[in-house]
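Q: To start, I am sharing the structure in question, which I have written as structure tokens.
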Amino acid sequence: MLEKLESVKENFKELTDKLTNPEVIANQAEFQRLAKKRSEMESIVNAYDEYTSMLKKLKDAESMVESETDPELKELAELEVSELKPQIEKMEGQLKLLLIPKDEDDQKNTILEIRAGTGGEEAALFAADLYRMYTRHERHWIRRN
């Protein structure tokens with residue numbers, strides 16, 4: 001997993017460098033394509049940077065636990081280790097999710113048709129309730145994202 005994250009980070013740096021190239025800036029289609037690709041990688045790179053800094057903090061705290069003679073500082077370092085380990089495990093899970101390839105259809109819109117069908121007035125009321133449910137969910141989802 002770490003090798004994959006390192007390669008994503010390298011690709012991110014390369015894309016950042018390409019976006020500063022005047023030839024790429026002049027070609028708007030290429031610029032937009034690279035900028036979109038870079039923005040998709042940005043969350044992965046930021047999470048990976050946070051993960052590596054947490055690993056470094058954990059390593060420092062563990063070395064402090066082993067080498068420290070002052071009991072208070074040793075206790076603080078042990079507390080930091082106990083706080084960092086679950087955070088690192090959580091971050092590893094998030095990184096695994098971020099590395100899952102995105103589906104091309106995720107960004108596409110959906111058309112949903114709701115009809116009352118047979119059933120008379122009750123079916124029409126159900127269709128109306130269903131319509132309101134979907135429209136409210138859509139508004140709520142748009143606000144969250």
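Starting from 1 in every chain, residues are counted up; chains themselves are A, B, ... following the order of the structure tokens, and ligands are numbered from 1 as listed.
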DSSP on the backbone, then: every residue of stretch 26-117 of chain A marked helix (DSSP H, G or I), written as number ranges by chain.
A: A: 26, 28-67, 71-99, 104-107
Q: At a cut-off of 12 Å, can you tabulate as a tab-separated table every residue of stretch 49-124 of chain A near stretch 4-23 of chain A together with its closest atom pair and the distance in Å to one decimal, using only C-alpha atoms and ordering rows by chain then number?
A:
residue	atom	partner	partner_atom	distance
A:Asp49	CA	A:Lys9	CA	9.1
A:Tyr51	CA	A:Leu5	CA	10.7
A:Thr52	CA	A:Leu5	CA	10.7
A:Glu92	CA	A:Leu5	CA	11.2
A:Leu95	CA	A:Leu5	CA	8.6
A:Lys96	CA	A:Leu5	CA	9.8
A:Leu98	CA	A:Leu5	CA	10.0
A:Leu99	CA	A:Leu5	CA	8.1
A:Ile100	CA	A:Lys4	CA	11.2
Q: Kindly export the residues of the current selection with all heavy atoms, as an mmCIF file, in the first residue's frame.
A:
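That gives us out.cif:
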data_model
loop_
_atom_site.group_PDB
_atom_site.id
_atom_site.type_symbol
_atom_site.label_atom_id
_atom_site.label_comp_id
_atom_site.auth_asym_id
_atom_site.auth_seq_id
_atom_site.Cartn_x
_atom_site.Cartn_y
_atom_site.Cartn_z
ATOM 1 N N ASP A 49 0.133 12.309 3.463
ATOM 2 C CA ASP A 49 1.047 13.181 4.206
ATOM 3 C C ASP A 49 0.693 13.202 5.694
ATOM 4 O O ASP A 49 1.579 13.161 6.555
ATOM 5 C CB ASP A 49 1.017 14.601 3.636
ATOM 6 C CG ASP A 49 1.695 14.701 2.288
ATOM 7 O OD1 ASP A 49 2.487 13.791 1.941
ATOM 8 O OD2 ASP A 49 1.435 15.694 1.572
ATOM 9 N N TYR A 51 -0.841 10.806 7.267
ATOM 10 C CA TYR A 51 -0.505 9.471 7.768
ATOM 11 C C TYR A 51 0.985 9.362 8.087
ATOM 12 O O TYR A 51 1.373 8.852 9.142
ATOM 13 C CB TYR A 51 -0.918 8.434 6.723
ATOM 14 C CG TYR A 51 -0.541 7.015 7.041
ATOM 15 C CD1 TYR A 51 -1.230 6.296 8.008
ATOM 16 C CD2 TYR A 51 0.487 6.383 6.353
ATOM 17 C CE1 TYR A 51 -0.878 4.981 8.296
ATOM 18 C CE2 TYR A 51 0.840 5.074 6.624
ATOM 19 C CZ TYR A 51 0.149 4.374 7.599
ATOM 20 O OH TYR A 51 0.490 3.081 7.875
ATOM 21 N N THR A 52 1.836 9.853 7.188
ATOM 22 C CA THR A 52 3.283 9.775 7.425
ATOM 23 C C THR A 52 3.702 10.639 8.614
ATOM 24 O O THR A 52 4.592 10.245 9.378
ATOM 25 C CB THR A 52 4.091 10.172 6.171
ATOM 26 O OG1 THR A 52 3.671 11.458 5.726
ATOM 27 C CG2 THR A 52 3.929 9.148 5.072
ATOM 28 N N GLU A 92 -5.287 4.359 8.112
ATOM 29 C CA GLU A 92 -4.973 3.289 7.163
ATOM 30 C C GLU A 92 -6.228 2.828 6.439
ATOM 31 O O GLU A 92 -6.205 2.594 5.225
ATOM 32 C CB GLU A 92 -4.319 2.107 7.888
ATOM 33 C CG GLU A 92 -2.890 2.352 8.278
ATOM 34 C CD GLU A 92 -2.312 1.233 9.127
ATOM 35 O OE1 GLU A 92 -3.058 0.317 9.532
ATOM 36 O OE2 GLU A 92 -1.095 1.278 9.395
ATOM 37 N N LEU A 95 -7.148 5.454 3.886
ATOM 38 C CA LEU A 95 -6.246 5.403 2.728
ATOM 39 C C LEU A 95 -6.598 4.242 1.810
ATOM 40 O O LEU A 95 -6.559 4.378 0.584
ATOM 41 C CB LEU A 95 -4.791 5.300 3.183
ATOM 42 C CG LEU A 95 -4.177 6.576 3.732
ATOM 43 C CD1 LEU A 95 -2.822 6.299 4.363
ATOM 44 C CD2 LEU A 95 -4.055 7.628 2.647
ATOM 45 N N LYS A 96 -6.958 3.103 2.383
ATOM 46 C CA LYS A 96 -7.361 1.964 1.562
ATOM 47 C C LYS A 96 -8.599 2.307 0.741
ATOM 48 O O LYS A 96 -8.699 1.951 -0.435
ATOM 49 C CB LYS A 96 -7.625 0.740 2.439
ATOM 50 C CG LYS A 96 -6.364 0.113 2.978
ATOM 51 C CD LYS A 96 -6.667 -1.064 3.882
ATOM 52 C CE LYS A 96 -5.389 -1.612 4.482
ATOM 53 N NZ LYS A 96 -5.663 -2.690 5.452
ATOM 54 N N LEU A 98 -9.503 5.330 -0.172
ATOM 55 C CA LEU A 98 -9.135 6.331 -1.174
ATOM 56 C C LEU A 98 -8.421 5.716 -2.374
ATOM 57 O O LEU A 98 -8.476 6.258 -3.479
ATOM 58 C CB LEU A 98 -8.250 7.417 -0.545
ATOM 59 C CG LEU A 98 -8.951 8.402 0.387
ATOM 60 C CD1 LEU A 98 -7.922 9.271 1.094
ATOM 61 C CD2 LEU A 98 -9.941 9.256 -0.372
ATOM 62 N N LEU A 99 -7.749 4.586 -2.159
ATOM 63 C CA LEU A 99 -7.012 3.945 -3.253
ATOM 64 C C LEU A 99 -7.906 3.104 -4.167
ATOM 65 O O LEU A 99 -7.460 2.676 -5.227
ATOM 66 C CB LEU A 99 -5.882 3.080 -2.696
ATOM 67 C CG LEU A 99 -4.685 3.844 -2.146
ATOM 68 C CD1 LEU A 99 -3.677 2.879 -1.538
ATOM 69 C CD2 LEU A 99 -4.032 4.684 -3.223
ATOM 70 N N ILE A 100 -9.143 2.884 -3.763
ATOM 71 C CA ILE A 100 -10.060 2.127 -4.616
ATOM 72 C C ILE A 100 -10.339 2.968 -5.863
ATOM 73 O O ILE A 100 -10.684 4.146 -5.756
ATOM 74 C CB ILE A 100 -11.376 1.808 -3.878
ATOM 75 C CG1 ILE A 100 -11.097 0.872 -2.699
ATOM 76 C CG2 ILE A 100 -12.407 1.192 -4.823
ATOM 77 C CD1 ILE A 100 -12.290 0.644 -1.803
#
Q: Separation of atom CA of A:Ile88 and atom CA of A:Glu62, in Å?
A: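 The value is 14.1 Å.
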Q: Which one of A:Met64, A:Leu2, A:Leu125, A:Met41 sits closest to A:Lys102 if you count only C-alpha atoms?
A: A:Met41
Q: Name the closest residue to A:Gly93 among the candidates A:Thr135, A:Ala128, A:Ser39, A:Met1; distances are taken between atoms, counting only C-alpha atoms.
A: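 That would be A:Met1, the residue with the smallest distance to A:Gly93.
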